[in-house]
Amino acid sequence: MGMSAGDERAASPRDEEWPEAEKAEKLARGAALKWASGVFYRPEKLEGLGHYRRRETQRNNSIQSRLKSTVQTYLEGVSAGLEQLRSATQEVQGVCQDLGAARWALLDSADHFQGLQQMRKLMEEHVQLASVVQVLPQIFSVHEAFSHILQLLHGQHLLEAHVELMMVEQLRDDILSQLHLRGLSGAQATVLSYFSGLQDLNESLAKQLWDIVGSSLRLVREDPVLFVTAVRIIEREEKIDDTLLLEATFLPPGRPKGWRQKFYQVLQDTITGGRFHAPRLDAEGPGLAKHLAALQKDIVCELRVVKDLMVQCVPAHYNILSVCTATYHQALTSHLQEILREDLDKQGLFLLLEWALRVYHSPEMMAHPDLLPEVDVSALDPLMSSELVDQTEKRYVMKVKASVFEWMQRTLEVEFKEWFREEEPETDHQGFFQSALPAIVMQMLNENIQVASLITDSLQQKIYNMALEELEAFLGGLREALVQCGKEHQQDRAVPKYYISHLLAVLNNNLALSNSVSSLHPDTACREVPGSLQAALDRMQKKATQLLLEELLLDLQPLCLQLPSRKWLSGSQLVGSMCEVIDKYAKDFSRVRKPVFTLLLAESELLVANQYLRALLQRKMVCKSREERGQLCHRLLQDATQLRELFCGLGLDRGQQSLEAVFALRELICLKDPALLSLEVLGFITKYPDVSDEHISTLLDIRGDVSKEVRHVVLEMMAQHPQALPEGYRPIFSTILVPVPELPFCLRKGKCA
């Protein structure tokens, strides 16, 4: 099983060369020893050792014999290879000798090769001459062909002319190509000069083609054959261009012609030239309307011709309908921009917006049933960009604003003149004074808003905002006119004759405008009146009310001047006369609608109460005795009761009346015990917080029985209980100024008397 020492020594050189083999051998030996120790560990297994040895010996012999056979076969192959290498070396040496001999032979034949080169040149010249001889008949007939082609062109036999023209061009191109390959540039110039007539023929043919294309919309209806002929010639030339660009190494002069591209250009120029670059047109009103109507009619008609006829005369890849549609669209876009550079009036701007945003896309034009579904402009850019639409809308709004302003100024002038007429204003079916002003103003504003709604929502909103601004400005102008009218009336109360009636009509008109403003809003769900406009309406109402109250005051003042007096105290009919004046005005006030009528009653009642209290406090009357105080209290009760019942009868509730202050003031005067005045005054200032110390001092003076101590207590109590005006309180005493009491004269550092 083990290897002998001689075997180990024999293996040593191999192991040194192949360390992997040594490692493998050690592993194999270890595995064999392990296996043997495991098999022959027990004594009974040792009997088979001899048998195992013989079997291993036989296997080793078999392996060695196979190895020897393999090595022998390998050695035989190596021997055969060496023999082949030896034979190949001998053959290579023979070839080298032959090549050397051939080299020497070539060197000896160099003179003969120079003669062959001359022969080759002669042969090439012969071939060229032969080629020239072959084409000489055609070359000699070129000028004759030129004349024939020209005759064909004059006779409009375009296809035949083009065929002959292509043949002549082919002849020229073949000659030039041969000359180009041989590098004969000088000869090329001679050939080009000889064929120079081709350029004129090409230009003549092209001119006829472009004339045909320029009349294509007419020809496809009258003589489509001529148009089809032109398209066929263009396609022939386009194929020649494509072939030369792809295959030819030499590009003949005049190529590529690019006639298909020229076809599109001429067609587009034909579409845009006649109508979109016309002389300056009348861009206002009827002139622009006629122009747009003509554009609409012509474009629909011509697109119908393209769709129904021209499409059948050109190859499908021309996309002729799409090209024409896009051309019309782009031309219109530029044309509208050009028109917008003019100073259009509002009608012109409206027509342009309506035409571009509504008519153009409607069934009357690009969505015409005869054009659908092939014609589709939805994929193209808008005819007017959003920025241009916004700018145009703003221009339109400014024009409308100027027109509205001018119209409202005239309306205001007419209304102002109406106030000075020698007749009352007109009345409605209920007898309320009014004029046509609210209806006229609202109708004009509403019409402009409704007209704008036909274009876009944004334009409608812009016009609505403008209408509110102009209405607010109009109300400001109307108020100024009212002030001017009031000034003239102050100078002469007889002018205007029906001053009060017209003021009442103004109030009714203002109410009508206030009720109608919400109807202008484009959104029916949003009916809120803007704050600034409502403020203008309120200012207008306040001014008219103020002028009416001034009239009432002028009639009441002569009566109020008699308050207080001994005659009034003894029982005159002074308040009765006041009631007659108030009743007369109340009858006039009944010619306004109820909300304003109630306001006028309340303001009139406040005015009467204020004037009554003003007269009582400013021209104070001091009671000299208890009887006079009783008489004064009785008169105050009768006057206040009479006035209160008058206003109640006119429809003003007691809770809305300010005359209650007269009753409260009477209680202060009627109080029998002056010591209780502080409590009574506290209640009085709590109810009427705008009353001042001066007012209370004057009331105490009117009593005539208040000592300095009581006065001091009352005023001290008022100082300790300052009052704030509650929200919604209507001031009564704050507008009444009482005379300042005269102070006693005092010497310096001395006591006052």
# chains A, B, ... in the order shown; residues from 1 in each chain; ligands from 1
$ residues_around --residues "Leu617 (chain A)" --least-positions-apart "3" --cutoff "7 Å" --atoms "only C-alpha atoms" --output "short mmCIF file (atom, residue, chain, number, x, y, z; two decimals) with all heavy atoms, in the first residue's frame"
data_model
loop_
_atom_site.label_atom_id
_atom_site.label_comp_id
_atom_site.auth_asym_id
_atom_site.auth_seq_id
_atom_site.Cartn_x
_atom_site.Cartn_y
_atom_site.Cartn_z
N LEU A 613 -87.31 122.99 22.81
CA LEU A 613 -86.40 122.99 23.95
C LEU A 613 -85.36 124.11 23.82
O LEU A 613 -84.97 124.74 24.81
CB LEU A 613 -85.70 121.64 24.08
CG LEU A 613 -86.61 120.46 24.47
CD1 LEU A 613 -85.86 119.15 24.34
CD2 LEU A 613 -87.11 120.63 25.91
N ARG A 614 -84.90 124.34 22.58
CA ARG A 614 -83.92 125.41 22.36
C ARG A 614 -84.50 126.76 22.76
O ARG A 614 -83.84 127.56 23.43
CB ARG A 614 -83.51 125.41 20.88
CG ARG A 614 -82.40 126.41 20.54
CD ARG A 614 -82.21 126.47 19.03
NE ARG A 614 -81.87 125.17 18.50
CZ ARG A 614 -80.63 124.72 18.37
NH1 ARG A 614 -79.63 125.48 18.77
NH2 ARG A 614 -80.41 123.52 17.87
N LYS A 620 -84.47 131.91 28.42
CA LYS A 620 -85.04 131.39 29.67
C LYS A 620 -85.91 132.44 30.37
O LYS A 620 -85.62 133.63 30.36
CB LYS A 620 -83.94 130.91 30.60
CG LYS A 620 -82.93 131.98 30.99
CD LYS A 620 -81.83 131.37 31.81
CE LYS A 620 -80.80 132.41 32.22
NZ LYS A 620 -79.69 131.84 32.99
N THR A 698 -79.58 125.99 33.67
CA THR A 698 -80.63 126.83 33.09
C THR A 698 -81.99 126.39 33.60
O THR A 698 -82.86 127.23 33.93
CB THR A 698 -80.57 126.75 31.56
OG1 THR A 698 -79.28 127.19 31.12
CG2 THR A 698 -81.63 127.64 30.95
N VAL A 738 -76.76 126.93 25.29
CA VAL A 738 -77.42 127.85 26.22
C VAL A 738 -76.48 129.03 26.48
O VAL A 738 -75.25 128.89 26.41
CB VAL A 738 -77.78 127.14 27.53
CG1 VAL A 738 -78.79 126.05 27.27
CG2 VAL A 738 -76.53 126.56 28.19
#
$ residues_around --residues "Arg591 (chain A)" --least-positions-apart "2" --cutoff "10 Å" --atoms "only C-alpha atoms" --output "CSV table (one decimal) with C-alpha atoms, in the first residue's frame"
chain,number,residue,atom,x,y,z
A,427,THR,CA,-96.6,111.1,-10.0
A,430,GLN,CA,-100.3,105.8,-6.1
A,431,GLY,CA,-99.8,109.5,-6.2
A,432,PHE,CA,-96.1,109.5,-5.2
A,433,PHE,CA,-93.9,112.1,-6.7
A,434,GLN,CA,-91.3,110.8,-9.1
A,501,SER,CA,-92.4,118.6,-4.4
A,504,LEU,CA,-89.8,114.6,-2.4
A,505,ALA,CA,-89.5,113.3,-5.9
A,508,ASN,CA,-88.6,108.7,-4.1
A,586,ALA,CA,-96.9,116.1,6.7
A,587,LYS,CA,-99.4,116.2,3.9
A,588,ASP,CA,-96.5,117.0,1.5
A,589,PHE,CA,-94.4,114.2,3.0
A,593,ARG,CA,-93.1,106.2,0.0
A,594,LYS,CA,-93.5,104.9,3.5
A,596,VAL,CA,-88.9,107.7,3.7
A,597,PHE,CA,-92.2,109.2,5.0
$ select_by_dssp --residues "region 513-696 of chain A" --states "alpha helix (DSSP H)" --output "ChimeraX atom specification"
/A:513-516,531-560,566-569,574-589,594-618,626-650,660-670,677-687,693-696
$ residues_around --residues "Met717 (chain A)" --least-positions-apart "4" --cutoff "12 Å" --atoms "only C-alpha atoms" --output "ChimeraX atom specification"
/A:677-683,685,693,696,710-713,721-723
$ write_last_selection --atoms "all heavy atoms" --output "compact mmCIF listing (two decimals), in the first residue's frame"
# COMPACT_ATOMS: atom_id res chain seq x y z
N LEU A 677 -84.33 117.51 44.04
CA LEU A 677 -83.91 117.75 42.66
C LEU A 677 -82.74 116.86 42.24
O LEU A 677 -82.63 116.46 41.08
CB LEU A 677 -83.52 119.22 42.49
CG LEU A 677 -84.68 120.18 42.21
CD1 LEU A 677 -84.20 121.62 42.23
CD2 LEU A 677 -85.32 119.85 40.87
N SER A 678 -81.81 116.58 43.19
CA SER A 678 -80.65 115.78 42.80
C SER A 678 -81.07 114.41 42.30
O SER A 678 -80.54 113.90 41.29
CB SER A 678 -79.69 115.65 43.99
OG SER A 678 -80.34 115.04 45.09
N LEU A 679 -82.04 113.78 42.98
CA LEU A 679 -82.51 112.47 42.53
C LEU A 679 -83.24 112.58 41.20
O LEU A 679 -83.09 111.74 40.30
CB LEU A 679 -83.42 111.85 43.60
CG LEU A 679 -82.74 111.50 44.93
CD1 LEU A 679 -83.78 110.98 45.92
CD2 LEU A 679 -81.66 110.46 44.71
N GLU A 680 -84.06 113.64 41.08
CA GLU A 680 -84.83 113.81 39.84
C GLU A 680 -83.89 114.09 38.66
O GLU A 680 -84.09 113.57 37.55
CB GLU A 680 -85.82 114.97 40.01
CG GLU A 680 -86.88 115.03 38.94
CD GLU A 680 -87.88 113.88 39.05
OE1 GLU A 680 -88.03 113.31 40.15
OE2 GLU A 680 -88.50 113.55 38.01
N VAL A 681 -82.86 114.91 38.92
CA VAL A 681 -81.91 115.22 37.85
C VAL A 681 -81.11 113.97 37.46
O VAL A 681 -80.80 113.75 36.27
CB VAL A 681 -80.97 116.35 38.29
CG1 VAL A 681 -79.79 116.49 37.33
CG2 VAL A 681 -81.72 117.66 38.38
N LEU A 682 -80.78 113.13 38.45
CA LEU A 682 -80.06 111.90 38.15
C LEU A 682 -80.87 111.02 37.19
O LEU A 682 -80.33 110.46 36.22
CB LEU A 682 -79.75 111.13 39.44
CG LEU A 682 -79.01 109.79 39.26
CD1 LEU A 682 -77.66 110.01 38.58
CD2 LEU A 682 -78.82 109.10 40.62
N GLY A 683 -82.15 110.90 37.44
CA GLY A 683 -82.99 110.14 36.52
C GLY A 683 -83.07 110.79 35.15
O GLY A 683 -83.12 110.11 34.12
N ILE A 685 -80.74 112.78 33.61
CA ILE A 685 -79.51 112.64 32.82
C ILE A 685 -79.27 111.19 32.43
O ILE A 685 -78.56 110.91 31.46
CB ILE A 685 -78.30 113.20 33.59
CG1 ILE A 685 -78.03 112.40 34.87
CG2 ILE A 685 -78.49 114.68 33.88
CD1 ILE A 685 -76.75 112.81 35.59
N ASP A 693 -74.16 120.29 32.13
CA ASP A 693 -74.33 121.08 33.36
C ASP A 693 -75.03 122.40 33.07
O ASP A 693 -75.86 122.86 33.86
CB ASP A 693 -72.95 121.36 33.98
CG ASP A 693 -72.27 120.08 34.44
OD1 ASP A 693 -72.92 119.01 34.37
OD2 ASP A 693 -71.09 120.14 34.82
N ILE A 696 -78.78 121.92 32.81
CA ILE A 696 -79.41 121.73 34.13
C ILE A 696 -79.40 123.05 34.91
O ILE A 696 -80.40 123.40 35.59
CB ILE A 696 -78.67 120.63 34.91
CG1 ILE A 696 -78.82 119.28 34.17
CG2 ILE A 696 -79.22 120.51 36.32
CD1 ILE A 696 -80.25 118.81 34.00
N VAL A 710 -78.37 123.75 46.99
CA VAL A 710 -79.02 122.69 46.20
C VAL A 710 -78.40 122.61 44.81
O VAL A 710 -78.15 121.53 44.28
CB VAL A 710 -80.54 122.96 46.12
CG1 VAL A 710 -81.19 121.97 45.16
CG2 VAL A 710 -81.17 122.88 47.50
N ARG A 711 -78.13 123.80 44.22
CA ARG A 711 -77.50 123.80 42.90
C ARG A 711 -76.15 123.09 42.95
O ARG A 711 -75.82 122.29 42.07
CB ARG A 711 -77.33 125.24 42.42
CG ARG A 711 -76.71 125.35 41.02
CD ARG A 711 -76.40 126.81 40.71
NE ARG A 711 -77.61 127.61 40.72
CZ ARG A 711 -78.41 127.81 39.66
NH1 ARG A 711 -78.09 127.24 38.51
NH2 ARG A 711 -79.48 128.56 39.75
N HIS A 712 -75.39 123.40 44.05
CA HIS A 712 -74.08 122.77 44.18
C HIS A 712 -74.21 121.26 44.34
O HIS A 712 -73.44 120.49 43.73
CB HIS A 712 -73.35 123.38 45.39
CG HIS A 712 -72.00 122.76 45.63
ND1 HIS A 712 -70.90 123.02 44.83
CD2 HIS A 712 -71.60 121.86 46.59
CE1 HIS A 712 -69.88 122.32 45.28
NE2 HIS A 712 -70.27 121.62 46.35
N VAL A 713 -75.18 120.83 45.09
CA VAL A 713 -75.39 119.39 45.27
C VAL A 713 -75.75 118.72 43.94
O VAL A 713 -75.25 117.64 43.59
CB VAL A 713 -76.48 119.14 46.33
CG1 VAL A 713 -76.86 117.66 46.36
CG2 VAL A 713 -75.99 119.58 47.71
N HIS A 721 -71.53 111.33 38.41
CA HIS A 721 -72.23 110.32 37.58
C HIS A 721 -72.18 110.73 36.10
O HIS A 721 -73.20 111.10 35.51
CB HIS A 721 -73.69 110.16 38.04
CG HIS A 721 -73.84 109.64 39.43
ND1 HIS A 721 -73.79 110.49 40.54
CD2 HIS A 721 -74.03 108.38 39.90
CE1 HIS A 721 -73.95 109.77 41.63
NE2 HIS A 721 -74.10 108.47 41.27
N PRO A 722 -70.98 110.70 35.51
CA PRO A 722 -70.89 111.03 34.07
C PRO A 722 -71.63 109.96 33.25
O PRO A 722 -71.59 108.77 33.57
CB PRO A 722 -69.39 111.03 33.80
CG PRO A 722 -68.80 110.14 34.85
CD PRO A 722 -69.66 110.32 36.08
N GLN A 723 -72.25 110.40 32.20
CA GLN A 723 -73.06 109.50 31.38
C GLN A 723 -72.41 109.31 30.00
O GLN A 723 -71.87 110.26 29.41
CB GLN A 723 -74.48 110.08 31.20
CG GLN A 723 -75.21 110.32 32.51
CD GLN A 723 -75.48 109.03 33.27
OE1 GLN A 723 -75.87 108.02 32.67
NE2 GLN A 723 -75.26 109.06 34.59
$ residues_around --residues "region 648-651 of chain A" --least-positions-apart "2" --cutoff "10 Å" --atoms "only C-alpha atoms" --output "list in words"
Ile582, Asp583, Ala586, Lys587, Ser590, Phe597, Thr598, Leu601, Ala602, Gln642, Leu643, Arg644, Glu645, Leu646, Asp653, Arg654, Gln656 and Gln657 of chain A
$ write_last_selection --atoms "N, CA and C atoms" --output "compact mmCIF listing (two decimals), in the first residue's frame"
# COMPACT_ATOMS: atom_id res chain seq x y z
N ILE A 582 -96.82 121.98 10.75
CA ILE A 582 -96.35 120.58 10.70
C ILE A 582 -97.31 119.72 9.89
N ASP A 583 -98.60 119.92 10.10
CA ASP A 583 -99.60 119.12 9.38
C ASP A 583 -99.51 119.39 7.88
N ALA A 586 -96.60 117.54 6.66
CA ALA A 586 -96.88 116.10 6.70
C ALA A 586 -97.70 115.67 5.50
N LYS A 587 -98.61 116.52 5.07
CA LYS A 587 -99.38 116.19 3.87
C LYS A 587 -98.47 116.13 2.65
N SER A 590 -96.47 112.94 2.67
CA SER A 590 -97.22 111.73 2.32
C SER A 590 -97.07 111.38 0.84
N PHE A 597 -91.19 108.36 4.29
CA PHE A 597 -92.19 109.16 4.99
C PHE A 597 -92.01 109.03 6.50
N THR A 598 -91.81 107.81 6.98
CA THR A 598 -91.60 107.60 8.42
C THR A 598 -90.33 108.31 8.87
N LEU A 601 -91.09 112.02 9.14
CA LEU A 601 -91.88 112.31 10.35
C LEU A 601 -90.99 112.31 11.58
N ALA A 602 -90.12 111.27 11.70
CA ALA A 602 -89.26 111.18 12.87
C ALA A 602 -88.29 112.36 12.94
N GLN A 642 -100.25 118.25 22.93
CA GLN A 642 -100.81 118.59 21.62
C GLN A 642 -99.87 118.15 20.49
N LEU A 643 -98.59 118.39 20.66
CA LEU A 643 -97.62 117.99 19.63
C LEU A 643 -97.50 116.47 19.53
N ARG A 644 -97.51 115.81 20.68
CA ARG A 644 -97.40 114.35 20.66
C ARG A 644 -98.59 113.72 19.96
N GLU A 645 -99.79 114.21 20.28
CA GLU A 645 -100.99 113.66 19.65
C GLU A 645 -100.98 113.93 18.15
N LEU A 646 -100.42 115.10 17.75
CA LEU A 646 -100.34 115.39 16.32
C LEU A 646 -99.47 114.35 15.60
N ASP A 653 -95.11 106.53 16.33
CA ASP A 653 -95.36 105.97 17.66
C ASP A 653 -94.69 106.83 18.74
N ARG A 654 -95.26 106.74 19.97
CA ARG A 654 -94.69 107.50 21.09
C ARG A 654 -93.25 107.09 21.34
N GLN A 656 -91.00 106.43 19.36
CA GLN A 656 -90.08 107.03 18.40
C GLN A 656 -89.98 108.55 18.56
N GLN A 657 -90.75 109.13 19.49
CA GLN A 657 -90.81 110.58 19.61
C GLN A 657 -89.81 111.11 20.64
$ residues_around --residues "region 546-552 of chain A" --least-positions-apart "4" --cutoff "9 Å" --atoms "only C-alpha atoms" --output "list in words"
Leu482, Val483, Gly486, Ile500, Leu503, Leu504, Gln541, Lys542, Leu556, Gln557, Val581, Ile582, Tyr585, Leu600, Glu603, Ser604 and Leu607 of chain A
